[in-house]
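Structure file input_16.txt (compact mmCIF, C-alpha atoms) is printed below.
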# COMPACT_ATOMS: atom_id res chain seq x y z
CA MET G 24 6.31 27.51 -3.86
CA SER G 25 6.40 26.84 -7.58
CA SER G 26 3.86 26.75 -10.38
CA ASP G 27 3.51 26.37 -14.12
CA LEU G 28 3.60 30.18 -14.36
CA ASP G 29 7.00 30.56 -12.68
CA LYS G 30 9.06 30.53 -15.85
CA PRO G 31 6.76 32.71 -17.97
CA LEU G 32 6.47 35.19 -15.10
CA ARG G 33 10.23 35.39 -14.62
CA GLU G 34 10.68 35.95 -18.33
CA ALA G 35 7.92 38.56 -18.45
CA LEU G 36 9.30 40.42 -15.44
CA ARG G 37 12.94 40.59 -16.38
CA ALA G 38 14.51 43.81 -15.14
CA VAL G 39 15.00 46.55 -17.70
CA GLU G 40 17.54 49.34 -17.86
CA PRO G 41 16.31 52.87 -17.00
CA PRO G 42 16.18 55.42 -19.84
CA THR G 43 19.41 56.98 -21.03
CA GLY G 44 20.52 59.86 -18.84
CA PHE G 45 18.83 58.53 -15.70
CA ALA G 46 21.98 58.82 -13.58
CA GLU G 47 22.74 62.31 -14.90
CA ARG G 48 19.24 63.56 -14.15
CA LEU G 49 19.49 62.04 -10.68
CA ALA G 50 22.86 63.71 -10.11
CA ALA G 51 21.31 67.04 -11.12
CA ARG G 52 18.48 66.55 -8.62
CA ILE G 53 21.00 65.72 -5.90
CA GLU G 54 22.93 68.87 -6.80
CA ARG G 55 19.77 70.91 -6.20
CA GLU G 56 19.23 69.25 -2.80
CA PRO G 57 21.84 71.29 -0.83
CA LEU G 58 20.11 74.47 -2.01
CA ARG G 59 16.95 73.31 -0.28
CA ARG G 60 18.94 72.53 2.85
CA ARG G 61 20.65 75.95 2.73
CA ASP G 62 17.21 77.55 2.96
CA TRP G 63 17.22 76.53 6.62
CA ARG G 64 20.58 78.06 7.38
CA PRO G 65 19.49 81.73 7.81
CA ALA G 66 16.84 80.57 10.23
CA ARG G 67 19.45 78.63 12.18
CA ARG G 68 21.79 81.65 12.18
CA TRP G 69 19.10 84.01 13.45
CA ALA G 70 17.70 81.61 16.00
CA PRO G 71 20.10 82.55 18.88
CA GLN G 72 19.51 86.25 18.28
CA ALA G 73 15.75 85.74 18.21
CA LEU G 74 16.04 83.77 21.45
CA ALA G 75 18.13 86.53 23.05
CA ALA G 76 15.59 89.14 21.94
CA SER G 77 12.77 87.08 23.41
CA VAL G 78 14.63 86.80 26.73
CA LEU G 79 15.25 90.57 26.73
CA VAL G 80 11.57 91.33 26.05
CA ALA G 81 10.57 88.91 28.82
CA ALA G 82 13.05 90.54 31.27
CA LEU G 83 11.77 94.03 30.41
CA GLY G 84 8.21 92.82 30.89
CA MET G 85 9.10 91.42 34.31
CA TYR G 86 10.84 94.66 35.28
CA GLY G 87 7.81 96.73 34.21
CA TRP G 88 5.51 94.45 36.14
CA GLN G 89 7.73 94.81 39.22
CA LEU G 90 7.72 98.63 38.92
CA GLN G 91 3.96 98.66 38.62
CA ARG G 92 3.64 96.54 41.77
CA GLU G 93 6.00 98.86 43.66
CA ARG G 94 3.96 101.89 42.58
CA GLN G 95 0.76 100.21 43.68
CA GLY G 96 2.43 99.42 47.03
CA LEU G 97 3.42 103.06 47.51
CA GLU G 98 -0.08 104.24 46.65
CA ALA G 99 -1.53 101.78 49.17
CA ARG G 100 0.94 103.02 51.80
CA GLN G 101 -0.03 106.64 51.16
CA GLN G 102 -3.71 105.76 51.36
CA LEU G 103 -3.09 103.96 54.66
CA LEU G 104 -1.19 106.94 56.06
CA GLU G 105 -3.95 109.27 54.90
CA ALA G 106 -6.54 107.05 56.54
CA LEU G 107 -4.51 107.04 59.79
CA ARG G 108 -4.18 110.81 59.63
CA VAL G 109 -7.93 111.29 59.11
CA THR G 110 -8.65 108.82 61.88
CA GLY G 111 -6.24 110.70 64.14
CA GLN G 112 -7.99 113.97 63.37
CA LYS G 113 -11.39 112.46 64.10
CA LEU G 114 -10.15 111.02 67.37
CA ASP G 115 -8.67 114.38 68.26
CA LEU G 116 -12.00 116.08 67.52
CA ALA G 117 -13.87 113.52 69.58
CA TYR G 118 -11.43 113.99 72.44
CA ARG G 119 -11.90 117.75 72.33
CA GLY G 120 -15.68 117.29 72.17
CA VAL G 121 -15.61 115.13 75.26
CA LYS G 122 -13.26 117.59 76.96
CA ASP G 123 -15.48 120.57 76.03
CA ALA G 124 -18.59 118.76 77.24
CA ALA G 125 -16.95 118.16 80.60
CA ARG G 126 -15.71 121.81 81.04
CA PRO G 127 -19.18 123.65 81.45
CA ALA G 128 -20.17 121.29 84.21
CA THR G 129 -16.99 122.14 86.05
CA ALA G 130 -17.59 125.85 85.42
CA GLY G 131 -21.20 125.53 86.75
CA ASP G 132 -20.00 123.95 89.91
CA ALA G 133 -17.56 126.76 90.37
CA GLY G 134 -20.34 129.38 89.81
CA ALA G 135 -22.62 127.80 92.37
CA MET C 8 25.43 38.95 -4.95
CA THR C 9 28.92 37.45 -4.51
CA ASP C 10 31.13 38.22 -1.51
CA GLY C 11 33.46 40.27 -3.71
CA ALA C 12 30.60 42.30 -5.16
CA ALA C 13 29.10 42.74 -1.69
CA CYS C 14 32.46 43.95 -0.39
CA SER C 15 32.75 46.33 -3.30
CA VAL C 16 29.28 47.68 -2.48
CA CYS C 17 30.36 48.05 1.18
CA ASP C 18 33.37 50.03 0.04
CA SER C 19 31.25 52.29 -2.17
CA LEU C 20 28.75 52.66 0.66
CA ALA C 21 31.43 53.73 3.12
CA ARG C 22 32.91 56.23 0.66
CA ALA C 23 29.46 57.56 -0.29
CA ARG C 24 28.70 58.10 3.38
CA ALA C 25 31.87 60.17 3.59
CA GLY C 26 30.54 62.38 0.79
CA ASP C 27 32.20 60.78 -2.24
CA ALA C 28 29.86 61.55 -5.16
CA ALA C 29 31.55 58.99 -7.43
CA ALA C 30 30.93 56.26 -4.88
CA PHE C 31 27.27 57.21 -4.67
CA ALA C 32 27.07 57.17 -8.46
CA ASP C 33 28.52 53.65 -8.32
CA LEU C 34 25.75 52.58 -5.92
CA VAL C 35 23.17 54.08 -8.27
CA ARG C 36 24.70 52.30 -11.27
CA ARG C 37 24.57 48.96 -9.47
CA HIS C 38 20.95 49.26 -8.35
CA GLN C 39 19.20 51.52 -10.86
CA ARG C 40 18.03 48.60 -13.01
CA MET C 41 16.31 46.90 -10.08
CA VAL C 42 14.75 50.09 -8.67
CA TYR C 43 13.57 51.37 -12.05
CA SER C 44 12.13 47.98 -13.08
CA LEU C 45 10.15 47.65 -9.85
CA ALA C 46 8.72 51.14 -10.34
CA LEU C 47 8.01 50.53 -14.02
CA ARG C 48 6.17 47.25 -13.49
CA MET C 49 4.21 48.77 -10.60
CA LEU C 50 3.20 51.96 -12.40
CA ALA C 51 3.27 50.90 -16.08
CA ASP C 52 4.37 54.41 -16.95
CA ARG C 53 7.91 55.29 -17.95
CA HIS C 54 7.90 58.87 -16.68
CA LYS C 55 6.31 58.05 -13.34
CA ALA C 56 8.66 55.10 -12.97
CA GLU C 57 11.71 57.30 -13.51
CA ASP C 58 10.36 59.86 -11.07
CA VAL C 59 9.76 57.22 -8.40
CA ALA C 60 13.16 55.60 -8.99
CA GLN C 61 14.89 58.97 -8.68
CA GLU C 62 12.96 59.76 -5.51
CA ALA C 63 14.08 56.43 -4.04
CA PHE C 64 17.73 57.30 -4.74
CA LEU C 65 17.25 60.83 -3.40
CA GLN C 66 15.93 59.39 -0.16
CA LEU C 67 18.90 57.04 -0.10
CA HIS C 68 21.23 60.01 -0.52
CA ARG C 69 19.60 61.77 2.43
CA LYS C 70 19.62 58.67 4.64
CA LEU C 71 22.89 57.02 3.68
CA ALA C 72 24.10 57.11 7.27
CA ARG C 73 21.33 54.70 8.27
CA VAL C 74 22.29 52.05 5.70
CA GLN C 75 24.55 49.51 7.34
CA SER C 76 25.57 47.05 4.61
CA GLY C 77 25.17 46.01 1.00
CA ALA C 78 22.34 43.63 1.89
CA HIS C 79 20.64 46.33 3.93
CA LEU C 80 20.99 48.72 1.00
CA LEU C 81 19.31 46.23 -1.35
CA PHE C 82 16.48 45.63 1.16
CA TRP C 83 16.10 49.37 1.77
CA LEU C 84 15.91 50.23 -1.94
CA ARG C 85 13.36 47.49 -2.65
CA GLN C 86 11.24 48.66 0.27
CA VAL C 87 11.39 52.35 -0.58
CA ALA C 88 10.82 51.86 -4.32
CA THR C 89 7.81 49.62 -3.70
CA ARG C 90 6.31 51.94 -1.08
CA LEU C 91 6.79 55.01 -3.25
CA ALA C 92 5.16 53.23 -6.19
CA ILE C 93 2.19 52.07 -4.09
CA ASP C 94 1.79 55.61 -2.69
CA ARG C 95 1.87 56.99 -6.22
CA LEU C 96 -0.78 54.51 -7.36
CA ARG C 97 -3.03 55.51 -4.47
CA ARG C 98 -2.51 59.21 -5.17
CA GLU C 99 -2.88 58.96 -8.93
CA PRO C 100 -5.04 56.03 -9.99
CA ARG C 101 -3.92 54.46 -13.25
CA HIS C 102 -5.32 55.64 -16.51
CA GLU C 103 -5.21 53.92 -19.88
CA SER C 104 -1.78 54.44 -21.39
CA VAL C 105 0.32 53.22 -24.27
CA PRO C 106 1.35 49.63 -23.61
CA LEU C 107 4.94 49.55 -22.42
CA GLU C 108 6.11 47.21 -25.15
CA GLU C 109 5.04 49.70 -27.82
CA ASP C 110 7.18 52.38 -26.24
CA PRO C 111 10.57 52.45 -27.95
CA GLY C 112 12.20 54.06 -24.94
CA ILE C 113 12.26 50.91 -22.83
CA ALA C 114 13.44 48.34 -25.29
CA SER C 115 15.37 45.70 -23.42
CA GLU C 116 17.49 42.82 -24.59
CA PRO C 117 15.84 40.26 -26.91
CA ALA C 118 13.17 38.39 -24.98
CA ALA C 119 13.50 34.71 -24.22
CA GLY C 120 10.27 32.72 -24.42
CA ASP C 121 6.96 33.76 -25.93
CA PRO C 122 6.80 37.57 -26.32
CA LEU C 123 3.02 37.51 -26.80
CA LEU C 124 2.49 35.58 -23.56
CA GLN C 125 4.92 37.86 -21.72
CA ARG C 126 3.11 40.97 -22.92
CA HIS C 127 -0.21 39.53 -21.86
CA LEU C 128 1.19 38.53 -18.46
CA ARG C 129 2.58 42.02 -17.87
CA ALA C 130 -0.81 43.54 -18.77
CA LEU C 131 -2.59 41.18 -16.38
CA ILE C 132 -0.10 41.89 -13.58
CA GLY C 133 -0.78 45.59 -14.13
CA GLU C 134 -4.44 44.94 -13.33
CA LEU C 135 -3.72 43.33 -9.95
CA PRO C 136 -4.31 45.46 -6.82
CA PRO C 137 -1.15 47.38 -5.79
CA ALA C 138 -0.19 45.18 -2.83
CA ALA C 139 -0.70 41.94 -4.78
CA ARG C 140 1.24 43.41 -7.71
CA ALA C 141 4.13 44.28 -5.43
CA VAL C 142 4.15 40.75 -4.02
CA VAL C 143 4.22 39.19 -7.52
CA LEU C 144 7.00 41.55 -8.65
CA LEU C 145 9.19 40.87 -5.63
CA ARG C 146 8.63 37.13 -6.10
CA TYR C 147 9.27 36.89 -9.83
CA GLN C 148 11.43 39.91 -10.65
CA GLU C 149 13.53 39.93 -7.51
CA ASP C 150 13.27 36.20 -6.84
CA LEU C 151 12.51 36.75 -3.13
CA GLU C 152 11.02 34.11 -0.87
CA PRO C 153 7.66 34.87 0.84
CA VAL C 154 9.43 35.51 4.15
CA GLU C 155 11.68 38.11 2.52
CA ILE C 156 8.73 39.70 0.71
CA ALA C 157 6.89 39.93 4.03
CA GLU C 158 9.82 41.85 5.49
CA VAL C 159 10.11 44.23 2.55
CA LEU C 160 6.37 44.98 2.48
CA ASP C 161 5.95 44.79 6.25
CA MET C 162 3.06 42.35 6.05
CA PRO C 163 2.45 38.89 7.54
CA VAL C 164 3.95 35.94 5.63
CA ASN C 165 0.52 34.35 5.34
CA THR C 166 -0.81 37.47 3.66
CA VAL C 167 2.08 37.30 1.16
CA LYS C 168 1.32 33.64 0.44
CA SER C 169 -2.35 34.41 0.09
CA HIS C 170 -1.64 37.27 -2.36
CA LEU C 171 0.63 34.99 -4.38
CA LYS C 172 -1.87 32.15 -4.49
CA ARG C 173 -4.79 34.37 -5.49
CA SER C 174 -2.73 36.32 -8.05
CA LEU C 175 -1.44 33.16 -9.71
CA ALA C 176 -4.94 31.68 -9.81
CA SER C 177 -6.28 34.90 -11.33
CA LEU C 178 -3.48 35.04 -13.90
CA ARG C 179 -3.99 31.38 -14.81
CA ASP C 180 -7.74 31.86 -15.20
CA ARG C 181 -7.39 34.93 -17.35
CA LEU C 182 -4.65 33.38 -19.47
CA GLY C 183 -7.03 30.56 -20.38
CA GLY C 184 -7.95 32.01 -23.76
CA THR C 185 -4.49 33.33 -24.69
CA PRO C 186 -2.74 31.65 -27.62
CA GLY C 187 0.57 31.58 -25.74
CA ALA C 188 -1.06 29.99 -22.73
CA ALA C 189 -1.49 26.76 -24.66
CA ALA C 190 2.27 26.31 -24.29
CA LEU C 191 1.98 26.35 -20.47
CA PRO C 192 2.46 23.06 -18.70
CA GLY C 193 -0.57 21.68 -16.86
CA ASP C 194 -1.64 22.82 -13.38
CA ARG C 195 1.36 21.30 -11.73
CA GLN C 196 1.94 22.61 -8.15
CA VAL C 197 5.23 21.81 -6.51
CA PRO C 198 5.23 22.63 -2.79

Give the structure from this file in structure tokens form.
Amino acid sequence: MSSDLDKPLREALRAVEPPTGFAERLAARIEREPLRRRDWRPARRWAPQALAASVLVAALGMYGWQLQRERQGLEARQQLLEALRVTGQKLDLAYRGVKDAARPATAGDAGA
Amino acid sequence: MTDGAACSVCDSLARARAGDAAAFADLVRRHQRMVYSLALRMLADRHKAEDVAQEAFLQLHRKLARVQSGAHLLFWLRQVATRLAIDRLRREPRHESVPLEEDPGIASEPAAGDPLLQRHLRALIGELPPAARAVVLLRYQEDLEPVEIAEVLDMPVNTVKSHLKRSLASLRDRLGGTPGAAALPGDRQVP
């Protein structure tokens, strides 16, 4: 691909040197770069400790949840025992009632 | 680039990768003219051009490990400089500024050819849309073939050819009334 403008364009677009001090200013910017990278280092250093703390909090949470479930289980057991005791008492009362109801008839027979 | 120069670049590249600041400075010295010129012709602003050129080298410094050879380095720098300049143009649309030639800070070696025509051409190129401008710069500043330009700009070869054709037609039309344009040969097209 070639045209009458090739030569004038090449002449017009000849590369030019950057301003004086370009390389020095670039070197200074590169020098500042590691500082930006260092900003991440504390985060990286604390990351394992933060992870360990998170695991500890999670373990404590699990333990607390387990304790609460055990307490609820005990309460349920006590309620069941109480219910059995009350039921036992009621049955005992009913038994006595039936027994008492049967006794006068027996006594009447004896009196006759 | 000759084999010897390419080898020398490879050597500097390897040493720069190992953290040798002098070797990286050598890479900068070898390519700063190309990177800065691309940015300057794209942005037509000395300060923005220097900023973009420095950003391109900063990115190179961060990603040196990914650059495999001297040719890859050249390709990479062209691509990054052009992309950064296009991004900058999209972010900060151009405003009227002092013509580059009147700025004493960028005086280059004595110009061959017609300085008036060259100045006019540069002004007209600066008015092309960013993608078309990048295509023209890579073609006439970097002397790349359309296939190579397509790779650098990540666009189809036909789009590159179309940009070139339309840009040249536009430049030719608008140069019609320029005194220097009278010196142009006729509309000769060599395939």

- Task: Could you list the residues in chain G lying within 9 Å of chain C, using only C-alpha atoms, and format the result as a PyMOL selection string?
- Result: chain G and resi 24-43+45-46+48-50+52-53+56

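Taking atom CA of C:Arg97 and atom CA of C:His170 as the two end points, the separation is 18.4 Å.
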
- Message: Rounded to one decimal, what separation in Å do you get between atom CA of G:Leu83 and atom CA of G:Pro71?
- Response: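 Computing it gives 18.3 Å between the two atoms.
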
- Message: I'd like the neighbourhood of C:Ser76 as number ranges by chain, where a residue qualifies if any of its atoms comes within 10 Å (using only C-alpha atoms), though same-chain residues fewer than 4 positions away should be ignored.
- Response: C: 13-14, 16-18, 20-21, 80-82

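Take atom CA of C:Ala72 and atom CA of C:Ala92: the distance between them is 23.6 Å.
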